[in-house]
file coords06.txt (compact mmCIF, C-alpha atoms)
# COMPACT_ATOMS: atom_id res chain seq x y z
CA MET A 589 97.98 -1.86 43.79
CA VAL A 590 96.19 -0.94 40.56
CA GLU A 591 92.46 -0.41 41.01
CA ALA A 592 90.11 -2.27 38.72
CA PRO A 593 88.30 0.02 36.24
CA ALA A 594 84.76 0.98 37.20
CA LEU A 595 82.07 -1.14 35.59
CA PRO A 596 79.62 0.65 33.29
CA SER A 597 76.26 1.48 34.85
CA LEU A 598 73.05 3.07 33.69
CA PRO A 599 73.31 6.86 34.01
CA ARG A 600 70.88 8.74 36.21
CA VAL A 601 69.12 11.56 34.34
CA VAL A 602 68.23 14.51 36.57
CA LYS A 603 65.86 17.35 35.75
CA ALA A 604 66.30 20.32 38.10
CA THR A 605 64.26 23.54 38.05
CA ILE A 606 65.00 26.70 40.02
CA VAL A 607 63.34 30.13 40.01
CA LYS A 608 65.38 33.32 39.50
CA GLU A 609 64.01 36.70 40.57
CA ASN A 610 66.14 38.58 38.03
CA LYS A 611 69.33 38.24 35.98
CA LYS A 612 71.50 39.13 38.97
CA THR A 613 70.17 36.29 41.11
CA LYS A 614 73.07 34.00 42.03
CA THR A 615 72.55 30.35 41.16
CA GLY A 616 75.81 28.91 42.49
CA ILE A 617 76.59 26.65 39.52
CA GLY A 618 79.63 26.38 37.26
CA PHE A 619 80.59 24.35 34.20
CA LYS A 620 83.73 23.04 32.50
CA LYS A 621 84.61 20.89 29.49
CA LYS A 622 85.79 17.34 30.16
CA ASP A 623 86.32 14.62 27.54
CA GLN A 624 84.15 16.36 24.93
CA ALA A 625 81.32 16.80 27.46
CA ILE A 626 80.13 19.86 29.40
CA VAL A 627 80.11 18.90 33.09
CA ILE A 628 79.08 20.67 36.29
CA ASN A 629 82.23 21.59 38.23
CA LYS A 630 80.71 23.72 41.00
CA ILE A 631 77.51 23.81 43.05
CA SER A 632 77.72 26.24 45.94
CA GLU A 633 76.25 25.08 49.23
CA GLY A 634 73.00 26.87 50.06
CA SER A 635 72.58 28.12 46.50
CA LEU A 636 69.50 27.66 44.33
CA PHE A 637 70.99 24.64 42.55
CA GLY A 638 72.38 23.40 45.86
CA GLY A 639 68.90 22.28 46.84
CA THR A 640 68.45 20.06 43.76
CA ASP A 641 69.59 16.55 42.85
CA LEU A 642 72.38 17.87 40.63
CA GLN A 643 75.91 16.86 41.58
CA VAL A 644 79.40 17.99 40.63
CA GLY A 645 80.63 15.81 37.78
CA TYR A 646 77.21 15.38 36.15
CA GLU A 647 77.13 16.06 32.40
CA CYS A 648 74.96 19.04 31.45
CA LEU A 649 72.70 18.04 28.55
CA SER A 650 70.52 21.11 28.21
CA VAL A 651 69.51 24.39 29.88
CA ASN A 652 65.92 25.54 29.25
CA GLY A 653 65.70 23.08 26.38
CA GLN A 654 68.78 24.42 24.59
CA THR A 655 71.60 22.05 23.68
CA ILE A 656 74.86 23.19 25.26
CA ARG A 657 77.81 24.08 23.00
CA ASP A 658 80.43 24.91 25.65
CA PRO A 659 80.71 25.92 29.35
CA LYS A 660 80.34 29.64 28.59
CA HIS A 661 77.18 28.98 26.61
CA ALA A 662 75.64 27.01 29.51
CA LEU A 663 76.51 29.72 32.04
CA LYS A 664 75.20 32.49 29.79
CA ILE A 665 71.79 30.83 29.45
CA VAL A 666 71.57 30.41 33.24
CA MET A 667 72.66 34.01 33.92
CA ASP A 668 70.39 35.59 31.27
CA SER A 669 67.29 33.68 32.37
CA ILE A 670 64.56 35.19 34.57
CA GLY A 671 61.99 33.00 36.31
CA GLU A 672 62.27 29.25 35.85
CA VAL A 673 65.61 27.72 34.84
CA THR A 674 65.48 24.01 33.99
CA LEU A 675 68.72 22.10 33.70
CA ILE A 676 68.86 18.47 32.57
CA ALA A 677 72.01 16.53 33.43
CA CYS A 678 73.15 12.96 33.62
CA SER A 679 75.42 11.21 36.10
CA GLY A 680 79.07 10.73 35.17
CA GLY A 681 81.13 7.57 35.14
CA PRO A 682 81.44 4.84 32.50
CA ARG A 683 78.19 4.05 30.70
CA PRO A 684 77.16 1.08 28.59
CA GLN A 685 77.94 1.64 24.94
CA GLY A 686 74.80 2.43 22.99
CA THR A 687 73.03 4.36 25.77
CA ALA A 688 72.03 7.94 25.01
CA VAL A 689 69.64 10.66 26.19
CA THR A 690 67.23 12.59 23.99
CA ILE A 691 65.30 15.63 25.19
CA VAL A 692 62.05 16.92 23.71
CA LYS A 693 59.55 19.59 24.70
CA LYS A 694 56.06 18.31 25.38
CA LYS A 695 53.17 20.75 25.22
CA GLN A 696 50.99 21.09 28.30
CA GLY A 697 47.95 18.85 28.09
CA ASP A 698 49.39 16.88 25.17
CA TYR A 699 48.61 13.24 25.96
CA LYS A 700 49.81 11.94 22.61
CA PRO A 701 53.62 11.98 22.65
CA GLY A 702 53.74 9.91 19.46
CA LEU A 703 55.51 6.87 20.90
CA TRP A 704 54.26 3.31 21.18
CA PHE A 705 55.79 0.71 23.46
CA ARG A 706 55.79 -3.07 23.72
CA PRO A 707 57.66 -5.50 26.00
CA LEU A 708 60.98 -6.87 24.80
CA ASN A 709 61.17 -9.30 27.75
CA LYS A 710 60.22 -9.29 31.44
CA VAL A 711 62.39 -6.24 32.20
CA LEU A 712 63.06 -4.28 29.00
CA VAL A 713 60.60 -2.21 26.97
CA ARG A 714 60.95 -1.56 23.28
CA ILE A 715 59.79 1.44 21.24
CA SER A 716 57.60 -0.16 18.59
CA ASP A 717 56.66 2.91 16.54
CA ILE A 718 57.22 6.67 16.32
CA ASP A 719 54.64 9.15 15.01
CA GLU A 720 56.18 11.21 12.21
CA SER A 721 54.35 14.31 13.47
CA GLY A 722 55.22 13.80 17.15
CA PRO A 723 58.00 15.46 19.21
CA PHE A 724 60.29 12.40 18.96
CA ALA A 725 60.13 12.21 15.15
CA ASN A 726 63.29 14.25 14.57
CA THR A 727 65.37 12.78 17.39
CA SER A 728 67.96 10.00 17.22
CA ILE A 729 65.49 7.43 18.62
CA ARG A 730 64.39 4.74 16.17
CA PRO A 731 61.77 1.99 16.29
CA GLY A 732 63.30 -1.03 17.97
CA ASP A 733 65.33 0.96 20.52
CA VAL A 734 64.94 0.17 24.22
CA CYS A 735 63.43 2.81 26.54
CA LEU A 736 65.29 2.67 29.88
CA SER A 737 63.94 5.70 31.75
CA ILE A 738 61.74 8.77 31.30
CA ASN A 739 62.57 11.74 33.53
CA ASN A 740 64.56 9.31 35.72
CA THR A 741 61.64 6.90 36.16
CA LEU A 742 62.81 3.40 35.28
CA ILE A 743 60.73 1.84 32.52
CA THR A 744 60.17 -1.91 32.98
CA ASP A 745 56.78 -2.34 31.29
CA PRO A 746 54.83 -0.57 28.52
CA GLY A 747 52.15 0.68 30.93
CA THR A 748 54.70 2.56 33.03
CA ALA A 749 56.23 4.04 29.88
CA SER A 750 52.87 5.31 28.57
CA GLN A 751 51.70 6.70 31.92
CA THR A 752 55.03 8.42 32.67
CA MET A 753 55.02 10.00 29.23
CA LYS A 754 51.42 11.20 29.62
CA ARG A 755 52.16 12.78 33.03
CA ALA A 756 55.35 14.49 31.86
CA GLU A 757 55.15 18.17 31.01
CA GLY A 758 57.62 20.60 29.56
CA LEU A 759 61.04 19.09 28.88
CA VAL A 760 61.08 15.30 28.74
CA ALA A 761 64.38 13.42 29.01
CA MET A 762 64.43 9.84 27.78
CA LEU A 763 67.35 7.50 28.43
CA TYR A 764 67.41 4.80 25.78
CA PHE A 765 69.57 2.03 24.39
CA SER A 766 69.97 1.81 20.63
CA LEU A 767 69.29 -1.87 20.00
CA THR A 768 69.14 -1.05 16.30
CA ALA A 769 72.67 0.43 16.33
CA LEU A 770 73.97 -2.53 18.34
CA ARG A 771 72.65 -4.97 15.75
CA GLU A 772 73.96 -2.92 12.81
CA ASN A 773 77.44 -2.53 14.29
CA ALA A 774 77.67 -6.17 15.35
CA VAL A 775 76.64 -7.51 11.93
CA GLU A 776 79.14 -5.25 10.13
CA LYS A 777 81.90 -6.27 12.55
CA ILE A 778 81.28 -10.02 12.40
CA PHE A 779 80.46 -10.60 8.73
CA LEU A 780 83.47 -10.24 6.44
CA ASP A 781 83.48 -11.89 3.02
CA GLU A 782 86.05 -14.31 1.56
CA ASN A 783 88.44 -11.41 0.89
CA ARG A 784 88.11 -10.06 4.47
CA LYS A 785 86.05 -7.13 3.23
CA PRO A 786 82.86 -6.03 5.04
CA CYS A 787 79.78 -7.65 3.59
CA VAL A 788 76.99 -5.59 2.06
CA VAL A 789 74.23 -5.33 4.69
CA SER A 790 70.72 -4.14 3.80
CA TRP A 791 68.10 -3.66 6.52
CA LEU A 792 64.54 -4.50 5.51
CA ASN A 793 63.24 -3.43 8.95
CA GLU A 794 64.62 -3.31 12.50
CA ASP A 795 64.37 -7.11 12.82
CA LEU A 796 65.40 -8.32 9.36
CA CYS A 797 68.49 -7.80 7.19
CA THR A 798 70.30 -9.36 4.24
CA VAL A 799 74.06 -10.00 4.24
CA LYS A 800 75.92 -10.53 0.96
CA SER A 801 79.56 -10.84 -0.05
CA ALA A 802 80.92 -7.53 -1.31
CA SER A 803 82.98 -9.26 -4.01
CA GLY A 804 80.27 -11.57 -5.35
CA GLY A 805 81.22 -14.49 -3.12
CA LEU A 806 79.08 -17.20 -1.60
CA ILE A 807 77.73 -15.35 1.44
CA ASN A 808 74.09 -14.49 0.77
CA ILE A 809 71.87 -14.83 3.84
CA THR A 810 68.89 -13.21 5.53
CA LEU A 811 69.09 -12.70 9.29
CA ARG A 812 66.01 -12.46 11.49
CA PHE A 813 66.41 -10.99 14.99
CA HIS A 814 64.21 -12.26 17.81
CA GLU A 815 62.78 -10.66 20.95
CA ASP A 816 65.12 -12.69 23.21
CA GLY A 817 68.13 -10.97 21.60
CA THR A 818 69.22 -13.83 19.32
CA CYS A 819 69.19 -14.04 15.54
CA GLU A 820 69.10 -16.80 12.95
CA ASP A 821 69.54 -17.41 9.25
CA VAL A 822 66.04 -17.45 7.75
CA ALA A 823 66.92 -20.03 5.08
CA PRO A 824 70.17 -21.83 5.96
CA TRP A 825 69.54 -24.54 3.36
CA LYS A 826 70.19 -21.96 0.59
CA ASN A 827 73.87 -21.84 1.54
CA MET A 828 74.19 -25.45 2.68
CA PHE A 829 73.02 -26.84 -0.66
CA SER A 830 73.45 -25.43 -4.15
CA ARG A 831 72.83 -26.56 -7.72
CA ASP A 832 75.85 -27.99 -9.51
CA GLU A 833 75.71 -26.63 -13.05
CA ASP A 834 77.81 -29.56 -14.37
CA ALA A 835 75.81 -32.25 -12.56
CA GLY A 836 73.88 -34.81 -14.48
CA GLU A 837 70.22 -35.75 -14.09
CA GLY A 838 69.46 -36.57 -10.46
CA GLU A 839 72.75 -35.09 -9.23
CA ASP A 840 71.22 -31.78 -8.35
CA THR A 841 72.98 -30.61 -5.14
CA ILE A 842 76.40 -30.12 -3.62
CA ILE A 843 76.63 -30.13 0.14
CA HIS A 844 78.47 -27.12 1.58
CA LEU A 845 77.90 -28.02 5.22
CA HIS A 846 81.54 -27.59 6.29
CA TRP A 847 81.79 -24.24 4.50
CA TYR A 848 78.48 -23.10 6.00
CA ASN A 849 79.54 -24.03 9.55
CA LYS A 850 82.83 -22.17 9.14
CA HIS A 851 81.68 -19.02 7.35
CA ILE A 852 78.04 -18.60 8.40
CA ASP A 853 76.99 -20.59 11.46
CA HIS A 854 80.15 -19.77 13.42
CA ARG A 855 79.64 -16.06 12.80
CA ILE A 856 75.98 -16.20 13.76
CA GLN A 857 77.07 -17.76 17.06
CA GLN A 858 79.56 -14.91 17.57
CA LEU A 859 76.86 -12.39 16.73
CA ASN A 860 74.42 -13.96 19.18
CA LYS A 861 77.06 -13.87 21.92
CA ILE A 862 77.54 -10.12 21.45
CA LEU A 863 73.78 -9.48 21.41
CA MET A 864 73.04 -11.66 24.44
CA ASN A 865 75.89 -10.18 26.51
CA ASN A 866 74.57 -6.66 25.91
CA MET A 867 70.96 -7.63 26.61
CA SER A 868 71.93 -9.46 29.82
CA PHE A 869 73.91 -6.44 30.99
CA LEU A 870 70.95 -4.14 30.38
CA GLU A 871 68.61 -6.46 32.28
CA ARG A 872 70.98 -6.64 35.28
CA SER A 873 71.40 -2.87 35.24
CA MET A 874 67.64 -2.29 35.24
CA LYS A 875 67.21 -4.64 38.21
CA THR A 876 69.95 -3.03 40.29
CA THR A 877 69.65 0.67 39.34
CA ASP A 878 68.28 2.91 42.08
CA ASN A 879 65.13 4.61 40.80
CA GLY A 880 65.76 7.95 42.46
CA SER A 881 67.91 9.17 45.34
CA PRO A 882 67.36 7.86 48.88
CA ASP A 883 66.94 11.38 50.26
CA ALA A 884 64.48 12.56 47.59
CA ALA A 885 61.81 13.34 50.19
CA ASP A 886 64.25 15.47 52.20
CA LYS A 887 65.28 17.40 49.10
CA LEU A 888 61.65 17.97 48.17
CA MET A 889 60.98 19.47 51.60
CA MET A 890 64.14 21.60 51.28
CA ASN A 891 62.94 23.01 47.94
CA LEU A 892 59.43 23.65 49.27
CA THR A 893 60.87 25.48 52.27
CA ARG A 894 63.09 27.58 49.99
CA LEU A 895 60.13 28.51 47.77
CA ALA A 896 58.00 29.39 50.79
CA ASP A 897 60.80 31.62 52.09
CA MET A 898 61.07 33.39 48.71
CA HIS A 899 57.27 33.86 48.69
CA ARG A 900 57.31 35.24 52.21
CA LYS A 901 60.03 37.73 51.22
CA LYS A 902 57.86 38.71 48.23
CA LEU A 903 60.51 37.49 45.78
CA LEU A 904 57.78 35.34 44.21
CA THR A 905 54.18 36.25 43.54
CA THR A 906 51.47 33.89 44.77
CA GLU A 907 50.93 32.68 41.22
CA GLU A 908 54.68 32.09 40.66
CA PHE A 909 54.92 30.30 44.01
CA SER A 910 52.03 27.98 43.11
CA GLN A 911 53.47 27.22 39.69
CA ALA A 912 56.97 26.51 41.05
CA LYS A 913 55.54 24.33 43.82
CA ALA A 914 53.48 22.30 41.33
CA LYS A 915 56.59 21.90 39.19
CA LEU A 916 58.46 20.27 42.07
CA PHE A 917 55.90 17.49 42.31
CA THR A 918 56.22 16.66 38.61
CA LEU A 919 60.02 16.38 38.50
call {"tool": "encode", "arguments": {"input": "coords06.txt", "output": "structure tokens"}}
result
Amino acid sequence: MVEAPALPSLPRVVKATIVKENKKTKTGIGFKKKDQAIVINKISEGSLFGGTDLQVGYECLSVNGQTIRDPKHALKIVMDSIGEVTLIACSGGPRPQGTAVTIVKKKQGDYKPGLWFRPLNKVLVRISDIDESGPFANTSIRPGDVCLSINNTLITDPGTASQTMKRAEGLVAMLYFSLTALRENAVEKIFLDENRKPCVVSWLNEDLCTVKSASGGLINITLRFHEDGTCEDVAPWKNMFSRDEDAGEGEDTIIHLHWYNKHIDHRIQQLNKILMNNMSFLERSMKTTDNGSPDAADKLMMNLTRLADMHRKKLLTTEEFSQAKAKLFTL
């Protein structure tokens, strides 16, 4: 019997920090390349990383803030590091198209991350603006994208997003959905002109675009996208009625209703179906995704016990022990 393919789910982004005494300290972690990604293929039981939320099969996104090129690069950073080693990874398995993770470094005491949020609906939160001088300015995030989680905290309202971002220190991992890319790709896929060529699409902002025939045909519309995920033609009458150059006085319009329904309205309905299906999937995922592991408290106690043991053996100074302990409570 052939098993049904696994359904896409929101990835879980994990930030794990360990403390190495020196370069020779064993961490018990290994990496390999799989499907163009660098994944964790080994976590030794009882090792430093064994007491974290990392799991075999998770994709390694960064080590100490550095983007990973290949498995050897990831292992070298871990081995060469002394003191804190922070690894950010994300759970494997099929993910919804359009989801991505961006990682930035936030300065200690910086309460202005340069992001503004507003509700998209009752569950999803949209990034409304990005400060050009902030840490997210040079990332792939764009205004209009949907913020799904920050350091594995699910974001379901703007207040949670702002407070989580303010509390975060050091490396900040944001899981987001590119609503902007979804709209762009869907419009380009759906709207072909009379010669089956892609229409010329120009975006005025994240919610408004013009669509015109590439070969000078009749398609010339402006689409406005709404908060509920749907879109509409701003001025449908422009394509339904047009001036007949050969018409006499009083015969000023030709009705193109059939043509409009076939070439414009039908495609807008297709476009709305794609947008609504993706939005509904995101909403369901946010409602069913586990916001953290069920044994998080046990793992916290395990890490605290390990740090206390290292402090007792004088592998950590009192200052290093305090700093590492405080770090555990902010992960």
call {"tool": "atom_distance", "arguments": {"input": "coords06.txt", "atom1": "atom CA of A:Asn610", "atom2": "atom CA of A:Ala677"}}
result
23.3 Å
call {"tool": "residues_around", "arguments": {"input": "coords06.txt", "residues": "A:Arg600", "least_positions_apart": "2", "cutoff": "7 Å", "atoms": "only C-alpha atoms", "output": "list in words"}}
result
Leu598, Val602, Cys678, Ser679 and Asn740 of chain A
call {"tool": "atom_distance", "arguments": {"input": "coords06.txt", "atom1": "atom CA of A:Pro684", "atom2": "atom CA of A:Lys660"}}
result
28.7 Å
call {"tool": "residues_around", "arguments": {"input": "coords06.txt", "residues": "A:Leu663", "least_positions_apart": "3", "cutoff": "8 Å", "atoms": "all atoms listed in the file", "output": "compact mmCIF listing (two decimals) with C-alpha atoms, in the coordinates of the input"}}
result
# COMPACT_ATOMS: atom_id res chain seq x y z
CA GLY A 618 79.63 26.38 37.26
CA PHE A 619 80.59 24.35 34.20
CA PRO A 659 80.71 25.92 29.35
CA LYS A 660 80.34 29.64 28.59
CA VAL A 666 71.57 30.41 33.24
CA MET A 667 72.66 34.01 33.92
call {"tool": "closest_residue", "arguments": {"input": "coords06.txt", "among": "A:Gly817, A:Gly680, A:Gly732, A:Pro599", "to": "A:Asn629", "atoms": "all atoms listed in the file"}}
result
A:Gly680
call {"tool": "closest_residue", "arguments": {"input": "coords06.txt", "among": "A:Gly639, A:Leu742, A:Leu703, A:Thr674", "to": "A:Lys875", "atoms": "all atoms listed in the file"}}
result
A:Leu742
call {"tool": "closest_residue", "arguments": {"input": "coords06.txt", "among": "A:Thr615, A:Thr605, A:Ser635, A:Thr905", "to": "A:Val651", "atoms": "all atoms listed in the file"}}
result
A:Thr605
call {"tool": "atom_distance", "arguments": {"input": "coords06.txt", "atom1": "atom CA of A:Glu647", "atom2": "atom CA of A:Val601"}}
result
9.4 Å
call {"tool": "closest_residue", "arguments": {"input": "coords06.txt", "among": "A:Ile631, A:Ile626, A:Val607, A:Val734", "to": "A:Leu870", "atoms": "all atoms listed in the file"}}
result
A:Val734
call {"tool": "closest_residue", "arguments": {"input": "coords06.txt", "among": "A:Leu770, A:Val644, A:Ala625, A:Ile743", "to": "A:Ser873", "atoms": "all atoms listed in the file"}}
result
A:Ile743
call {"tool": "closest_residue", "arguments": {"input": "coords06.txt", "among": "A:Leu642, A:Leu636, A:Lys603, A:Thr752", "to": "A:Leu895", "atoms": "all atoms listed in the file"}}
result
A:Leu636
call {"tool": "residues_around", "arguments": {"input": "coords06.txt", "residues": "A:His851", "least_positions_apart": "3", "cutoff": "12 Å", "atoms": "only C-alpha atoms", "output": "JSON, numbers by chain"}}
result
{"A": [778, 779, 780, 781, 782, 784, 801, 805, 806, 807, 808, 809, 824, 827, 828, 844, 845, 846, 847, 848, 854, 855, 856, 857, 858]}
call {"tool": "residues_near_point", "arguments": {"input": "coords06.txt", "point": "(64.9, 36.6, 38.9)", "cutoff": "12 Å", "atoms": "all atoms listed in the file", "output": "ChimeraX atom specification"}}
result
/A:606-615,636,666-673,898,902-905,908
call {"tool": "build_atoms", "arguments": {"input": "coords06.txt", "residues": "stretch 594-616 of chain A", "atoms": "N, CA and C atoms", "output": "PDB file, in the frame of the given file"}}
result
ATOM      1  N   ALA A 594      86.174   1.008  36.801  1.00  0.00           N
ATOM      2  CA  ALA A 594      84.760   0.980  37.200  1.00  0.00           C
ATOM      3  C   ALA A 594      83.921   0.323  36.119  1.00  0.00           C
ATOM      4  N   LEU A 595      82.963  -0.484  36.538  1.00  0.00           N
ATOM      5  CA  LEU A 595      82.070  -1.140  35.590  1.00  0.00           C
ATOM      6  C   LEU A 595      81.039  -0.139  35.078  1.00  0.00           C
ATOM      7  N   PRO A 596      80.650  -0.249  33.820  1.00  0.00           N
ATOM      8  CA  PRO A 596      79.620   0.650  33.290  1.00  0.00           C
ATOM      9  C   PRO A 596      78.305   0.477  34.048  1.00  0.00           C
ATOM     10  N   SER A 597      77.567   1.538  34.191  1.00  0.00           N
ATOM     11  CA  SER A 597      76.260   1.480  34.850  1.00  0.00           C
ATOM     12  C   SER A 597      75.317   2.421  34.137  1.00  0.00           C
ATOM     13  N   LEU A 598      74.022   2.194  34.328  1.00  0.00           N
ATOM     14  CA  LEU A 598      73.050   3.070  33.690  1.00  0.00           C
ATOM     15  C   LEU A 598      73.149   4.473  34.295  1.00  0.00           C
ATOM     16  N   PRO A 599      73.250   5.500  33.469  1.00  0.00           N
ATOM     17  CA  PRO A 599      73.310   6.860  34.010  1.00  0.00           C
ATOM     18  C   PRO A 599      71.993   7.290  34.617  1.00  0.00           C
ATOM     19  N   ARG A 600      72.066   8.158  35.577  1.00  0.00           N
ATOM     20  CA  ARG A 600      70.880   8.740  36.210  1.00  0.00           C
ATOM     21  C   ARG A 600      70.631  10.099  35.577  1.00  0.00           C
ATOM     22  N   VAL A 601      69.460  10.297  34.996  1.00  0.00           N
ATOM     23  CA  VAL A 601      69.120  11.560  34.340  1.00  0.00           C
ATOM     24  C   VAL A 601      68.322  12.419  35.317  1.00  0.00           C
ATOM     25  N   VAL A 602      68.834  13.617  35.573  1.00  0.00           N
ATOM     26  CA  VAL A 602      68.230  14.510  36.570  1.00  0.00           C
ATOM     27  C   VAL A 602      67.693  15.761  35.889  1.00  0.00           C
ATOM     28  N   LYS A 603      66.479  16.116  36.236  1.00  0.00           N
ATOM     29  CA  LYS A 603      65.860  17.350  35.750  1.00  0.00           C
ATOM     30  C   LYS A 603      65.664  18.270  36.953  1.00  0.00           C
ATOM     31  N   ALA A 604      66.347  19.399  36.957  1.00  0.00           N
ATOM     32  CA  ALA A 604      66.300  20.320  38.100  1.00  0.00           C
ATOM     33  C   ALA A 604      65.801  21.686  37.650  1.00  0.00           C
ATOM     34  N   THR A 605      64.827  22.230  38.381  1.00  0.00           N
ATOM     35  CA  THR A 605      64.260  23.540  38.050  1.00  0.00           C
ATOM     36  C   THR A 605      64.390  24.473  39.243  1.00  0.00           C
ATOM     37  N   ILE A 606      64.925  25.659  38.986  1.00  0.00           N
ATOM     38  CA  ILE A 606      65.000  26.700  40.020  1.00  0.00           C
ATOM     39  C   ILE A 606      64.244  27.921  39.510  1.00  0.00           C
ATOM     40  N   VAL A 607      64.035  28.898  40.387  1.00  0.00           N
ATOM     41  CA  VAL A 607      63.340  30.130  40.010  1.00  0.00           C
ATOM     42  C   VAL A 607      64.234  31.320  40.339  1.00  0.00           C
ATOM     43  N   LYS A 608      64.558  32.125  39.318  1.00  0.00           N
ATOM     44  CA  LYS A 608      65.380  33.320  39.500  1.00  0.00           C
ATOM     45  C   LYS A 608      64.498  34.558  39.538  1.00  0.00           C
ATOM     46  N   GLU A 609      64.775  35.448  40.477  1.00  0.00           N
ATOM     47  CA  GLU A 609      64.010  36.700  40.570  1.00  0.00           C
ATOM     48  C   GLU A 609      64.376  37.637  39.430  1.00  0.00           C
ATOM     49  N   ASN A 610      65.664  37.719  39.116  1.00  0.00           N
ATOM     50  CA  ASN A 610      66.140  38.580  38.030  1.00  0.00           C
ATOM     51  C   ASN A 610      67.477  38.027  37.528  1.00  0.00           C
ATOM     52  N   LYS A 611      68.078  38.728  36.562  1.00  0.00           N
ATOM     53  CA  LYS A 611      69.330  38.240  35.980  1.00  0.00           C
ATOM     54  C   LYS A 611      70.478  38.214  36.985  1.00  0.00           C
ATOM     55  N   LYS A 612      70.408  39.052  37.989  1.00  0.00           N
ATOM     56  CA  LYS A 612      71.500  39.130  38.970  1.00  0.00           C
ATOM     57  C   LYS A 612      71.406  38.072  40.064  1.00  0.00           C
ATOM     58  N   THR A 613      70.324  37.326  40.095  1.00  0.00           N
ATOM     59  CA  THR A 613      70.170  36.290  41.110  1.00  0.00           C
ATOM     60  C   THR A 613      71.263  35.235  40.963  1.00  0.00           C
ATOM     61  N   LYS A 614      71.979  34.974  42.052  1.00  0.00           N
ATOM     62  CA  LYS A 614      73.070  34.000  42.030  1.00  0.00           C
ATOM     63  C   LYS A 614      72.492  32.582  42.067  1.00  0.00           C
ATOM     64  N   THR A 615      73.028  31.734  41.207  1.00  0.00           N
ATOM     65  CA  THR A 615      72.550  30.350  41.160  1.00  0.00           C
ATOM     66  C   THR A 615      73.543  29.359  41.746  1.00  0.00           C
ATOM     67  N   GLY A 616      74.809  29.765  41.841  1.00  0.00           N
ATOM     68  CA  GLY A 616      75.810  28.910  42.490  1.00  0.00           C
ATOM     69  C   GLY A 616      76.244  27.706  41.685  1.00  0.00           C
TER      70      GLY A 616
END
